[in-house]
Number of protein chains: 2
Amino acid sequence: MTPCPLCGPVPSEIVLWRDAQCRVIDVGDSAYPGYCRAIWREHVREMSDLAPEQRDRLMRVVYAVEESLRALLQPEKINLATFGNQVPHLHWHIIPRFRDDPHFPDAIWAVRRRPNVDREFRRDALRRELERRLGPSV
Amino acid sequence: MTPCPLCGPVPSEIVLWRDAQCRVIDVGDSAYPGYCRAIWREHVREMSDLAPEQRDRLMRVVYAVEESLRALLQPEKINLATFGNQVPHLHWHIIPRFRDDPHFPDAIWAVRRRPNVDREFRRDALRRELERRLGPSV
C-alpha cells in the first residue's frame, strides 16, 4: 500500500488556513492562480462518511474560500468539486475560473483550449481573507 | 439572450425528487447510469449567492442523492461538482464512479479511456431512496 499523500504534512508555505479538522492549501497550479484545496484531516472517503456537523464544517470552509476568491479575484465563475478517484481522502477543489483561462467554459480536467494567462494572486491576501471569515489559522 | 435551460420545466419522467427550492433529475447519461443533477430552482450563480440555510438545504439534498446512490449501486467513489461555466444557474453533478467506467480514475470531463459498461439503474428505486431520506417529492 502506498501511503496516502493527503494524510501527511504539507510544506507550511502552501498552507493558507487550517484548524484541527481541515486545512486549505494553495495548489500552486500555474494555469490556475488561486486554485485551492480544502482537505479534511482524517482519512475519510466520502462526504456521507462524515457526521452531518462535520460536513457542514467542511463546507463552511469551502464557502469561505469561494467568497475570498470572489472578493480578491472577481472570477467569472467558481468551480467546486470533490472526486477522490485517485486519492480517496476527502478533499475539495475550489477553482476560480475566467473566460480566458486554459479550459473555459469546460471543466479544468477537459482538453486544454488555450495557453495560460498571467494573473496576479497573493497568498498573503488570501490568508487574510480566510482568517477574517473563519477566524485564526491554528 | 438565450433563455436559461435550467429555469424552465423538465420532463416529469426524469424528475427523481423535488420540493419548492430544488429538484433532482436523472441526467440520462448512458455512460453513467445513476448520474444525477440537483438543481436550485431560482436562477442563482454561486453557492455563496445563497443564504447559509439555503446552502445547507441544497447540500442536504446532494448528500441524500450521494447516500442513495451508494446504497443502490455501491460505486467505487462518488464525485460531486458544481461548475456552471456554460449554464450559470446553480446545479450539482452527483456521479457514481466505478473502476471500469469510461474515465476512471479521471474526472468524467477528461478524455475517455474505455467504452461504456452496462449497469443496471432503476429510477423508481432511486426515487424511493430519496423520499425515504428527504420526505415526499412535491
# chains A, B, ... in the order shown; residues from 1 in each chain; ligands from 1

call {"tool": "interface_residues", "arguments": {"of": "chain A", "to": "chain B", "cutoff": "9 Å", "atoms": "only C-alpha atoms", "output": "PyMOL selection string"}}
result
chain A and resi 45-48+52+56+59-60+63-64+66-67+76-86+88+97+99+104-111

call {"tool": "calpha_fit_and_write", "arguments": {"fixed": "chain A", "moving": "chain B", "output": "compact mmCIF listing (two decimals) with N, CA, C and O atoms, in the first residue's frame"}}
result
# COMPACT_ATOMS: atom_id res chain seq x y z
N MET B 1 0.92 -1.15 0.04
CA MET B 1 0.06 0.04 0.00
C MET B 1 0.93 1.31 0.00
O MET B 1 1.78 1.50 0.88
N THR B 2 0.68 2.19 -0.94
CA THR B 2 1.33 3.50 -0.93
C THR B 2 0.69 4.33 0.17
O THR B 2 -0.53 4.33 0.31
N PRO B 3 1.50 5.07 0.96
CA PRO B 3 0.86 5.92 1.98
C PRO B 3 0.02 7.01 1.32
O PRO B 3 0.34 7.46 0.22
N CYS B 4 -1.04 7.41 1.97
CA CYS B 4 -1.93 8.43 1.40
C CYS B 4 -1.20 9.78 1.40
O CYS B 4 -0.79 10.27 2.45
N PRO B 5 -1.09 10.43 0.23
CA PRO B 5 -0.38 11.71 0.16
C PRO B 5 -1.10 12.84 0.88
O PRO B 5 -0.49 13.87 1.17
N LEU B 6 -2.38 12.66 1.19
CA LEU B 6 -3.10 13.73 1.89
C LEU B 6 -3.15 13.51 3.40
O LEU B 6 -3.67 14.34 4.14
N CYS B 7 -2.59 12.39 3.87
CA CYS B 7 -2.54 12.16 5.32
C CYS B 7 -1.31 12.82 5.94
O CYS B 7 -1.32 13.17 7.12
N GLY B 8 -0.27 12.99 5.15
CA GLY B 8 0.98 13.52 5.69
C GLY B 8 1.00 15.04 5.76
O GLY B 8 0.05 15.71 5.36
N PRO B 9 2.09 15.58 6.31
CA PRO B 9 2.22 17.04 6.39
C PRO B 9 2.47 17.64 5.01
O PRO B 9 2.90 16.95 4.09
N VAL B 10 2.15 18.93 4.87
CA VAL B 10 2.44 19.64 3.62
C VAL B 10 3.35 20.82 3.96
O VAL B 10 3.37 21.28 5.10
N PRO B 11 4.12 21.33 2.99
CA PRO B 11 5.01 22.46 3.28
C PRO B 11 4.19 23.64 3.81
O PRO B 11 3.14 23.97 3.24
N SER B 12 4.67 24.25 4.88
CA SER B 12 3.86 25.28 5.53
C SER B 12 3.60 26.47 4.60
O SER B 12 2.59 27.16 4.74
N GLU B 13 4.48 26.71 3.63
CA GLU B 13 4.27 27.88 2.77
C GLU B 13 3.03 27.76 1.89
O GLU B 13 2.50 28.77 1.43
N ILE B 14 2.57 26.54 1.63
CA ILE B 14 1.37 26.42 0.80
C ILE B 14 0.08 26.37 1.63
O ILE B 14 -1.02 26.40 1.08
N VAL B 15 0.23 26.27 2.96
CA VAL B 15 -0.97 26.25 3.81
C VAL B 15 -1.53 27.66 3.92
O VAL B 15 -0.81 28.60 4.25
N LEU B 16 -2.80 27.81 3.61
CA LEU B 16 -3.45 29.13 3.63
C LEU B 16 -4.25 29.33 4.91
O LEU B 16 -4.41 30.44 5.38
N TRP B 17 -4.78 28.23 5.43
CA TRP B 17 -5.57 28.29 6.66
C TRP B 17 -5.71 26.86 7.16
O TRP B 17 -5.77 25.92 6.36
N ARG B 18 -5.76 26.71 8.48
CA ARG B 18 -6.05 25.37 9.00
C ARG B 18 -6.61 25.43 10.41
O ARG B 18 -6.40 26.40 11.14
N ASP B 19 -7.32 24.36 10.75
CA ASP B 19 -7.73 24.15 12.13
C ASP B 19 -7.55 22.65 12.41
O ASP B 19 -6.89 21.95 11.64
N ALA B 20 -8.14 22.17 13.51
CA ALA B 20 -7.92 20.77 13.88
C ALA B 20 -8.59 19.80 12.91
O ALA B 20 -8.20 18.63 12.84
N GLN B 21 -9.58 20.28 12.14
CA GLN B 21 -10.35 19.36 11.30
C GLN B 21 -9.99 19.40 9.82
O GLN B 21 -10.15 18.42 9.12
N CYS B 22 -9.52 20.56 9.37
CA CYS B 22 -9.19 20.62 7.95
C CYS B 22 -8.16 21.70 7.66
O CYS B 22 -7.84 22.53 8.52
N ARG B 23 -7.61 21.64 6.45
CA ARG B 23 -6.65 22.66 6.04
C ARG B 23 -6.94 23.07 4.60
O ARG B 23 -7.45 22.28 3.81
N VAL B 24 -6.58 24.31 4.32
CA VAL B 24 -6.74 24.85 2.97
C VAL B 24 -5.34 25.10 2.42
O VAL B 24 -4.52 25.74 3.09
N ILE B 25 -5.08 24.57 1.24
CA ILE B 25 -3.75 24.77 0.64
C ILE B 25 -3.87 25.44 -0.72
O ILE B 25 -4.90 25.35 -1.40
N ASP B 26 -2.80 26.12 -1.08
CA ASP B 26 -2.64 26.68 -2.42
C ASP B 26 -2.10 25.56 -3.31
O ASP B 26 -1.01 25.03 -3.07
N VAL B 27 -2.87 25.18 -4.32
CA VAL B 27 -2.46 24.08 -5.19
C VAL B 27 -1.19 24.44 -5.97
O VAL B 27 -0.39 23.57 -6.31
N GLY B 28 -1.01 25.73 -6.25
CA GLY B 28 0.19 26.15 -6.96
C GLY B 28 0.17 25.79 -8.44
O GLY B 28 1.22 25.57 -9.04
N ASP B 29 -1.01 25.73 -9.01
CA ASP B 29 -1.16 25.40 -10.43
C ASP B 29 -0.96 26.68 -11.25
O ASP B 29 -1.74 27.63 -11.13
N SER B 30 0.07 26.67 -12.10
CA SER B 30 0.39 27.91 -12.82
C SER B 30 -0.70 28.28 -13.83
O SER B 30 -0.82 29.43 -14.24
N ALA B 31 -1.52 27.31 -14.21
CA ALA B 31 -2.64 27.61 -15.11
C ALA B 31 -3.81 28.23 -14.36
O ALA B 31 -4.66 28.89 -14.96
N TYR B 32 -3.85 28.00 -13.04
CA TYR B 32 -4.99 28.45 -12.24
C TYR B 32 -4.55 29.11 -10.93
O TYR B 32 -4.70 28.51 -9.86
N PRO B 33 -4.00 30.33 -11.01
CA PRO B 33 -3.63 31.02 -9.78
C PRO B 33 -4.87 31.19 -8.89
O PRO B 33 -5.94 31.56 -9.39
N GLY B 34 -4.72 30.86 -7.62
CA GLY B 34 -5.84 30.96 -6.69
C GLY B 34 -6.57 29.63 -6.51
O GLY B 34 -7.44 29.53 -5.64
N TYR B 35 -6.23 28.62 -7.29
CA TYR B 35 -6.82 27.28 -7.16
C TYR B 35 -6.41 26.72 -5.79
O TYR B 35 -5.22 26.62 -5.51
N CYS B 36 -7.40 26.39 -4.98
CA CYS B 36 -7.16 25.91 -3.62
C CYS B 36 -7.76 24.52 -3.42
O CYS B 36 -8.67 24.13 -4.15
N ARG B 37 -7.23 23.81 -2.43
CA ARG B 37 -7.89 22.58 -1.97
C ARG B 37 -8.20 22.71 -0.49
O ARG B 37 -7.36 23.21 0.26
N ALA B 38 -9.37 22.26 -0.11
CA ALA B 38 -9.74 22.16 1.30
C ALA B 38 -9.75 20.68 1.63
O ALA B 38 -10.50 19.90 1.02
N ILE B 39 -8.87 20.27 2.53
CA ILE B 39 -8.61 18.85 2.79
C ILE B 39 -9.02 18.50 4.22
O ILE B 39 -8.55 19.14 5.17
N TRP B 40 -9.90 17.52 4.34
CA TRP B 40 -10.28 17.04 5.66
C TRP B 40 -9.08 16.34 6.29
O TRP B 40 -8.33 15.67 5.60
N ARG B 41 -8.86 16.51 7.60
CA ARG B 41 -7.67 15.93 8.25
C ARG B 41 -7.68 14.40 8.23
O ARG B 41 -6.68 13.75 7.91
N GLU B 42 -8.82 13.88 8.67
CA GLU B 42 -8.93 12.44 8.83
C GLU B 42 -9.03 11.76 7.47
O GLU B 42 -9.59 12.35 6.54
N HIS B 43 -8.55 10.55 7.37
CA HIS B 43 -8.63 9.81 6.11
C HIS B 43 -10.05 9.25 5.95
O HIS B 43 -10.34 8.13 6.39
N VAL B 44 -10.91 10.04 5.35
CA VAL B 44 -12.32 9.68 5.16
C VAL B 44 -12.57 9.74 3.67
O VAL B 44 -11.95 10.53 2.95
N ARG B 45 -13.48 8.88 3.19
CA ARG B 45 -13.64 8.70 1.76
C ARG B 45 -14.67 9.65 1.13
O ARG B 45 -14.38 10.30 0.13
N GLU B 46 -15.85 9.69 1.70
CA GLU B 46 -16.97 10.41 1.07
C GLU B 46 -17.53 11.45 2.03
O GLU B 46 -17.45 11.28 3.25
N MET B 47 -18.20 12.46 1.50
CA MET B 47 -18.90 13.42 2.35
C MET B 47 -19.88 12.70 3.29
O MET B 47 -19.99 13.04 4.46
N SER B 48 -20.55 11.68 2.75
CA SER B 48 -21.54 10.98 3.58
C SER B 48 -20.90 10.04 4.59
O SER B 48 -21.61 9.39 5.36
N ASP B 49 -19.58 9.96 4.64
CA ASP B 49 -18.90 9.25 5.73
C ASP B 49 -18.66 10.19 6.92
O ASP B 49 -18.25 9.73 7.99
N LEU B 50 -18.85 11.49 6.72
CA LEU B 50 -18.73 12.44 7.83
C LEU B 50 -20.08 12.56 8.54
O LEU B 50 -21.13 12.38 7.93
N ALA B 51 -20.02 12.93 9.82
CA ALA B 51 -21.25 13.27 10.55
C ALA B 51 -21.79 14.57 9.96
O ALA B 51 -21.03 15.38 9.42
N PRO B 52 -23.10 14.79 10.05
CA PRO B 52 -23.69 16.01 9.46
C PRO B 52 -22.98 17.29 9.89
O PRO B 52 -22.73 18.17 9.05
N GLU B 53 -22.61 17.41 11.16
CA GLU B 53 -21.95 18.66 11.60
C GLU B 53 -20.54 18.78 11.03
O GLU B 53 -20.04 19.90 10.83
N GLN B 54 -19.91 17.66 10.75
CA GLN B 54 -18.58 17.70 10.10
C GLN B 54 -18.71 18.11 8.63
O GLN B 54 -17.91 18.89 8.12
N ARG B 55 -19.73 17.61 7.98
CA ARG B 55 -19.97 18.02 6.57
C ARG B 55 -20.19 19.53 6.51
O ARG B 55 -19.63 20.22 5.66
N ASP B 56 -21.02 20.02 7.45
CA ASP B 56 -21.31 21.46 7.46
C ASP B 56 -20.04 22.26 7.73
O ASP B 56 -19.83 23.32 7.12
N ARG B 57 -19.23 21.74 8.62
CA ARG B 57 -17.98 22.44 8.95
C ARG B 57 -17.08 22.53 7.71
O ARG B 57 -16.56 23.59 7.38
N LEU B 58 -16.90 21.41 7.04
CA LEU B 58 -16.04 21.41 5.85
C LEU B 58 -16.61 22.34 4.78
O LEU B 58 -15.87 23.12 4.16
N MET B 59 -17.92 22.32 4.59
CA MET B 59 -18.50 23.18 3.56
C MET B 59 -18.39 24.65 3.95
O MET B 59 -18.22 25.51 3.08
N ARG B 60 -18.46 24.96 5.23
CA ARG B 60 -18.27 26.37 5.62
C ARG B 60 -16.87 26.85 5.23
O ARG B 60 -16.69 28.00 4.83
N VAL B 61 -15.90 25.96 5.35
CA VAL B 61 -14.53 26.31 4.93
C VAL B 61 -14.49 26.48 3.40
O VAL B 61 -13.92 27.45 2.89
N VAL B 62 -15.12 25.57 2.69
CA VAL B 62 -15.17 25.67 1.21
C VAL B 62 -15.82 26.99 0.79
O VAL B 62 -15.31 27.70 -0.08
N TYR B 63 -16.94 27.35 1.43
CA TYR B 63 -17.63 28.60 1.07
C TYR B 63 -16.76 29.81 1.40
O TYR B 63 -16.79 30.82 0.67
N ALA B 64 -16.01 29.73 2.49
CA ALA B 64 -15.14 30.85 2.84
C ALA B 64 -14.05 31.03 1.79
O ALA B 64 -13.67 32.16 1.44
N VAL B 65 -13.53 29.92 1.28
CA VAL B 65 -12.54 30.02 0.19
C VAL B 65 -13.21 30.63 -1.04
O VAL B 65 -12.67 31.55 -1.67
N GLU B 66 -14.38 30.12 -1.38
CA GLU B 66 -15.12 30.67 -2.54
C GLU B 66 -15.31 32.18 -2.39
O GLU B 66 -15.01 32.96 -3.32
N GLU B 67 -15.81 32.60 -1.24
CA GLU B 67 -16.08 34.03 -1.03
C GLU B 67 -14.79 34.85 -1.07
O GLU B 67 -14.77 35.96 -1.61
N SER B 68 -13.73 34.31 -0.52
CA SER B 68 -12.45 35.03 -0.52
C SER B 68 -11.91 35.18 -1.94
O SER B 68 -11.42 36.25 -2.32
N LEU B 69 -12.00 34.10 -2.72
CA LEU B 69 -11.52 34.16 -4.11
C LEU B 69 -12.37 35.14 -4.92
O LEU B 69 -11.84 35.89 -5.75
N ARG B 70 -13.67 35.15 -4.67
CA ARG B 70 -14.52 36.11 -5.39
C ARG B 70 -14.13 37.54 -5.03
O ARG B 70 -14.07 38.41 -5.90
N ALA B 71 -13.89 37.76 -3.75
CA ALA B 71 -13.53 39.11 -3.30
C ALA B 71 -12.19 39.56 -3.89
O ALA B 71 -12.03 40.72 -4.29
N LEU B 72 -11.24 38.63 -3.95
CA LEU B 72 -9.88 39.01 -4.38
C LEU B 72 -9.71 39.03 -5.88
O LEU B 72 -8.96 39.85 -6.41
N LEU B 73 -10.34 38.09 -6.58
CA LEU B 73 -10.02 37.87 -8.00
C LEU B 73 -11.17 38.19 -8.96
O LEU B 73 -10.96 38.25 -10.16
N GLN B 74 -12.37 38.36 -8.44
CA GLN B 74 -13.55 38.60 -9.29
C GLN B 74 -13.60 37.63 -10.48
O GLN B 74 -13.66 38.05 -11.66
N PRO B 75 -13.60 36.33 -10.21
CA PRO B 75 -13.64 35.38 -11.33
C PRO B 75 -15.00 35.38 -12.02
O PRO B 75 -16.01 35.79 -11.44
N GLU B 76 -15.00 34.86 -13.24
CA GLU B 76 -16.25 34.68 -13.97
C GLU B 76 -17.15 33.68 -13.24
O GLU B 76 -18.37 33.85 -13.17
N LYS B 77 -16.55 32.61 -12.74
CA LYS B 77 -17.28 31.57 -12.02
C LYS B 77 -16.34 30.94 -10.99
O LYS B 77 -15.12 30.99 -11.13
N ILE B 78 -16.94 30.33 -9.99
CA ILE B 78 -16.21 29.45 -9.08
C ILE B 78 -16.61 28.02 -9.42
O ILE B 78 -17.80 27.74 -9.63
N ASN B 79 -15.64 27.14 -9.49
CA ASN B 79 -15.92 25.71 -9.67
C ASN B 79 -15.56 24.97 -8.39
O ASN B 79 -14.46 25.18 -7.85
N LEU B 80 -16.47 24.13 -7.93
CA LEU B 80 -16.24 23.31 -6.74
C LEU B 80 -16.36 21.84 -7.13
O LEU B 80 -17.29 21.48 -7.86
N ALA B 81 -15.45 21.01 -6.64
CA ALA B 81 -15.54 19.59 -6.98
C ALA B 81 -14.83 18.75 -5.94
O ALA B 81 -13.79 19.15 -5.40
N THR B 82 -15.41 17.59 -5.65
CA THR B 82 -14.72 16.58 -4.85
C THR B 82 -14.85 15.25 -5.59
O THR B 82 -15.95 14.81 -5.90
N PHE B 83 -13.69 14.66 -5.94
CA PHE B 83 -13.68 13.41 -6.69
C PHE B 83 -13.06 12.31 -5.83
O PHE B 83 -13.74 11.42 -5.37
N GLY B 84 -11.74 12.37 -5.64
CA GLY B 84 -11.08 11.34 -4.82
C GLY B 84 -10.96 10.00 -5.51
O GLY B 84 -10.78 8.98 -4.86
N ASN B 85 -11.05 9.99 -6.85
CA ASN B 85 -10.91 8.72 -7.56
C ASN B 85 -9.49 8.19 -7.47
O ASN B 85 -9.25 7.00 -7.43
N GLN B 86 -8.52 9.11 -7.46
CA GLN B 86 -7.11 8.70 -7.39
C GLN B 86 -6.63 8.68 -5.95
O GLN B 86 -5.82 7.84 -5.58
N VAL B 87 -7.07 9.65 -5.17
CA VAL B 87 -6.68 9.74 -3.75
C VAL B 87 -7.97 9.82 -2.93
O VAL B 87 -8.53 10.90 -2.75
N PRO B 88 -8.45 8.65 -2.46
CA PRO B 88 -9.75 8.64 -1.79
C PRO B 88 -9.68 9.15 -0.35
O PRO B 88 -10.03 8.45 0.60
N HIS B 89 -9.18 10.37 -0.22
CA HIS B 89 -9.11 11.06 1.08
C HIS B 89 -9.83 12.38 0.81
O HIS B 89 -9.38 13.17 -0.04
N LEU B 90 -10.90 12.61 1.53
CA LEU B 90 -11.84 13.70 1.23
C LEU B 90 -11.16 15.06 1.08
O LEU B 90 -10.53 15.56 2.01
N HIS B 91 -11.29 15.66 -0.10
CA HIS B 91 -10.75 17.00 -0.35
C HIS B 91 -11.60 17.67 -1.44
O HIS B 91 -12.13 17.01 -2.32
N TRP B 92 -11.69 18.98 -1.32
CA TRP B 92 -12.45 19.79 -2.27
C TRP B 92 -11.51 20.64 -3.11
O TRP B 92 -10.58 21.25 -2.58
N HIS B 93 -11.79 20.70 -4.40
CA HIS B 93 -11.13 21.62 -5.31
C HIS B 93 -11.97 22.90 -5.39
O HIS B 93 -13.19 22.80 -5.61
N ILE B 94 -11.34 24.04 -5.21
CA ILE B 94 -12.05 25.33 -5.32
C ILE B 94 -11.26 26.15 -6.35
O ILE B 94 -10.10 26.52 -6.10
N ILE B 95 -11.88 26.39 -7.50
CA ILE B 95 -11.13 26.90 -8.65
C ILE B 95 -11.79 28.17 -9.19
O ILE B 95 -12.93 28.13 -9.65
N PRO B 96 -11.06 29.28 -9.17
CA PRO B 96 -11.60 30.49 -9.80
C PRO B 96 -11.43 30.37 -11.32
O PRO B 96 -10.36 30.04 -11.81
N ARG B 97 -12.51 30.62 -12.05
CA ARG B 97 -12.49 30.45 -13.51
C ARG B 97 -12.68 31.80 -14.21
O ARG B 97 -13.44 32.65 -13.74
N PHE B 98 -11.99 31.94 -15.33
CA PHE B 98 -12.04 33.18 -16.11
C PHE B 98 -12.29 32.83 -17.57
O PHE B 98 -11.89 31.76 -18.03
N ARG B 99 -12.89 33.78 -18.30
CA ARG B 99 -13.25 33.50 -19.70
C ARG B 99 -12.03 33.18 -20.56
O ARG B 99 -12.16 32.47 -21.56
N ASP B 100 -10.87 33.68 -20.15
CA ASP B 100 -9.67 33.44 -20.97
C ASP B 100 -8.76 32.40 -20.34
O ASP B 100 -7.59 32.27 -20.73
N ASP B 101 -9.27 31.62 -19.38
CA ASP B 101 -8.39 30.61 -18.77
C ASP B 101 -8.23 29.41 -19.71
O ASP B 101 -8.93 29.30 -20.71
N PRO B 102 -7.30 28.49 -19.43
CA PRO B 102 -6.96 27.47 -20.42
C PRO B 102 -8.08 26.52 -20.85
O PRO B 102 -7.98 25.92 -21.92
N HIS B 103 -9.13 26.38 -20.04
CA HIS B 103 -10.18 25.40 -20.38
C HIS B 103 -11.58 25.99 -20.46
O HIS B 103 -12.52 25.27 -20.79
N PHE B 104 -11.74 27.27 -20.15
CA PHE B 104 -13.09 27.84 -20.10
C PHE B 104 -13.81 27.68 -21.44
O PHE B 104 -13.19 27.92 -22.47
N PRO B 105 -15.10 27.30 -21.50
CA PRO B 105 -16.01 27.05 -20.37
C PRO B 105 -16.03 25.59 -19.91
O PRO B 105 -16.92 25.22 -19.16
N ASP B 106 -15.08 24.80 -20.35
CA ASP B 106 -15.07 23.39 -19.93
C ASP B 106 -14.51 23.27 -18.50
O ASP B 106 -13.90 24.20 -17.97
N ALA B 107 -14.65 22.08 -17.95
CA ALA B 107 -14.01 21.75 -16.68
C ALA B 107 -12.50 21.76 -16.88
O ALA B 107 -12.00 21.53 -17.98
N ILE B 108 -11.76 22.03 -15.82
CA ILE B 108 -10.29 22.12 -15.96
C ILE B 108 -9.66 20.76 -16.24
O ILE B 108 -8.48 20.68 -16.55
N TRP B 109 -10.45 19.69 -16.14
CA TRP B 109 -9.92 18.34 -16.41
C TRP B 109 -10.15 17.95 -17.87
O TRP B 109 -9.78 16.85 -18.29
N ALA B 110 -10.78 18.82 -18.64
CA ALA B 110 -11.02 18.55 -20.06
C ALA B 110 -9.77 18.90 -20.86
O ALA B 110 -8.73 19.27 -20.30
N VAL B 111 -9.86 18.78 -22.17
CA VAL B 111 -8.74 19.10 -23.04
C VAL B 111 -8.52 20.62 -23.04
O VAL B 111 -9.47 21.40 -23.13
N ARG B 112 -7.28 21.01 -22.96
CA ARG B 112 -6.93 22.44 -22.91
C ARG B 112 -7.31 23.13 -24.22
O ARG B 112 -7.13 22.57 -25.30
N ARG B 113 -7.81 24.36 -24.10
CA ARG B 113 -8.21 25.13 -25.28
C ARG B 113 -7.23 26.24 -25.62
O ARG B 113 -7.20 26.73 -26.75
N ARG B 114 -6.50 26.74 -24.62
CA ARG B 114 -5.64 27.92 -24.87
C ARG B 114 -4.54 27.99 -23.82
O ARG B 114 -4.60 27.31 -22.80
N PRO B 115 -3.52 28.84 -24.07
CA PRO B 115 -2.39 28.90 -23.13
C PRO B 115 -2.76 29.60 -21.82
O PRO B 115 -3.80 30.25 -21.71
N ASN B 116 -1.86 29.47 -20.84
CA ASN B 116 -2.04 30.15 -19.56
C ASN B 116 -2.07 31.66 -19.74
O ASN B 116 -1.43 32.21 -20.65
N VAL B 117 -2.81 32.32 -18.87
CA VAL B 117 -2.81 33.79 -18.80
C VAL B 117 -2.20 34.16 -17.45
O VAL B 117 -2.55 33.56 -16.44
N ASP B 118 -1.26 35.09 -17.45
CA ASP B 118 -0.72 35.56 -16.18
C ASP B 118 -1.80 36.30 -15.40
O ASP B 118 -2.52 37.13 -15.97
N ARG B 119 -1.87 35.99 -14.10
CA ARG B 119 -2.90 36.63 -13.29
C ARG B 119 -2.34 36.76 -11.89
O ARG B 119 -1.79 35.80 -11.36
N GLU B 120 -2.45 37.94 -11.33
CA GLU B 120 -1.86 38.14 -10.01
C GLU B 120 -2.65 37.40 -8.94
O GLU B 120 -3.88 37.47 -8.91
N PHE B 121 -1.93 36.71 -8.09
CA PHE B 121 -2.56 36.05 -6.95
C PHE B 121 -1.60 36.14 -5.79
O PHE B 121 -0.44 35.75 -5.91
N ARG B 122 -2.08 36.65 -4.66
CA ARG B 122 -1.20 36.79 -3.50
C ARG B 122 -1.69 35.95 -2.33
O ARG B 122 -2.77 36.18 -1.80
N ARG B 123 -0.85 34.98 -1.98
CA ARG B 123 -1.22 34.09 -0.88
C ARG B 123 -1.52 34.85 0.40
O ARG B 123 -2.44 34.49 1.14
N ASP B 124 -0.72 35.87 0.68
CA ASP B 124 -0.93 36.58 1.96
C ASP B 124 -2.29 37.26 1.99
O ASP B 124 -2.95 37.31 3.03
N ALA B 125 -2.74 37.77 0.84
CA ALA B 125 -4.06 38.41 0.79
C ALA B 125 -5.16 37.36 1.02
O ALA B 125 -6.14 37.61 1.73
N LEU B 126 -4.99 36.19 0.43
CA LEU B 126 -5.99 35.13 0.62
C LEU B 126 -5.98 34.64 2.07
O LEU B 126 -7.04 34.41 2.67
N ARG B 127 -4.79 34.52 2.65
CA ARG B 127 -4.72 34.14 4.08
C ARG B 127 -5.50 35.13 4.93
O ARG B 127 -6.25 34.75 5.83
N ARG B 128 -5.33 36.42 4.66
CA ARG B 128 -6.06 37.43 5.46
C ARG B 128 -7.57 37.30 5.28
O ARG B 128 -8.33 37.39 6.24
N GLU B 129 -8.01 37.11 4.04
CA GLU B 129 -9.45 36.95 3.78
C GLU B 129 -10.01 35.73 4.51
O GLU B 129 -11.12 35.76 5.05
N LEU B 130 -9.25 34.64 4.51
CA LEU B 130 -9.73 33.42 5.16
C LEU B 130 -9.81 33.60 6.67
O LEU B 130 -10.77 33.16 7.31
N GLU B 131 -8.82 34.25 7.25
CA GLU B 131 -8.85 34.46 8.70
C GLU B 131 -10.00 35.38 9.08
O GLU B 131 -10.63 35.20 10.13
N ARG B 132 -10.29 36.36 8.24
CA ARG B 132 -11.39 37.26 8.51
C ARG B 132 -12.72 36.48 8.54
O ARG B 132 -13.60 36.77 9.35
N ARG B 133 -12.86 35.49 7.67
CA ARG B 133 -14.12 34.74 7.59
C ARG B 133 -14.19 33.56 8.55
O ARG B 133 -15.27 33.19 9.01
N LEU B 134 -13.04 32.95 8.81
CA LEU B 134 -13.04 31.67 9.56
C LEU B 134 -12.39 31.77 10.93
O LEU B 134 -12.42 30.80 11.70
N GLY B 135 -11.81 32.91 11.23
CA GLY B 135 -11.06 33.02 12.47
C GLY B 135 -9.61 32.60 12.25
O GLY B 135 -9.25 32.20 11.14
N PRO B 136 -8.79 32.70 13.30
CA PRO B 136 -7.36 32.46 13.14
C PRO B 136 -7.04 31.05 12.66
O PRO B 136 -7.68 30.09 13.07
N SER B 137 -6.04 30.97 11.81
CA SER B 137 -5.49 29.69 11.40
C SER B 137 -4.62 29.18 12.54
O SER B 137 -3.85 29.94 13.12
N VAL B 138 -4.76 27.90 12.85
CA VAL B 138 -4.03 27.39 14.04
C VAL B 138 -3.07 26.26 13.68
O VAL B 138 -3.20 25.63 12.67

call {"tool": "select_by_dssp", "arguments": {"residues": "stretch 15-137 of chain A", "states": "helix (DSSP H, G or I)", "output": "PyMOL selection string"}}
result
chain A and resi 47-49+52-73+123-134

call {"tool": "write_last_selection", "arguments": {"atoms": "C-alpha atoms", "output": "compact mmCIF listing (two decimals), in the first residue's frame"}}
result
# COMPACT_ATOMS: atom_id res chain seq x y z
CA MET A 47 -18.91 13.42 2.34
CA SER A 48 -21.54 10.98 3.58
CA ASP A 49 -18.90 9.25 5.73
CA PRO A 52 -23.68 15.99 9.46
CA GLU A 53 -21.97 18.65 11.60
CA GLN A 54 -18.59 17.70 10.12
CA ARG A 55 -19.99 18.02 6.57
CA ASP A 56 -21.32 21.46 7.46
CA ARG A 57 -17.98 22.44 8.96
CA LEU A 58 -16.04 21.41 5.86
CA MET A 59 -18.49 23.19 3.56
CA ARG A 60 -18.27 26.37 5.63
CA VAL A 61 -14.54 26.31 4.94
CA VAL A 62 -15.16 25.67 1.22
CA TYR A 63 -17.63 28.60 1.07
CA ALA A 64 -15.13 30.86 2.85
CA VAL A 65 -12.53 30.02 0.20
CA GLU A 66 -15.12 30.67 -2.53
CA GLU A 67 -16.08 34.04 -1.02
CA SER A 68 -12.45 35.02 -0.52
CA LEU A 69 -11.52 34.17 -4.10
CA ARG A 70 -14.53 36.09 -5.39
CA ALA A 71 -13.54 39.12 -3.30
CA LEU A 72 -9.88 39.03 -4.37
CA LEU A 73 -10.02 37.89 -8.00
CA ARG A 123 -1.22 34.09 -0.88
CA ASP A 124 -0.93 36.60 1.97
CA ALA A 125 -4.06 38.41 0.80
CA LEU A 126 -5.99 35.12 0.63
CA ARG A 127 -4.73 34.14 4.09
CA ARG A 128 -6.07 37.43 5.47
CA GLU A 129 -9.46 36.94 3.78
CA LEU A 130 -9.74 33.40 5.16
CA GLU A 131 -8.85 34.46 8.71
CA ARG A 132 -11.39 37.26 8.51
CA ARG A 133 -14.12 34.74 7.59
CA LEU A 134 -13.05 31.68 9.56
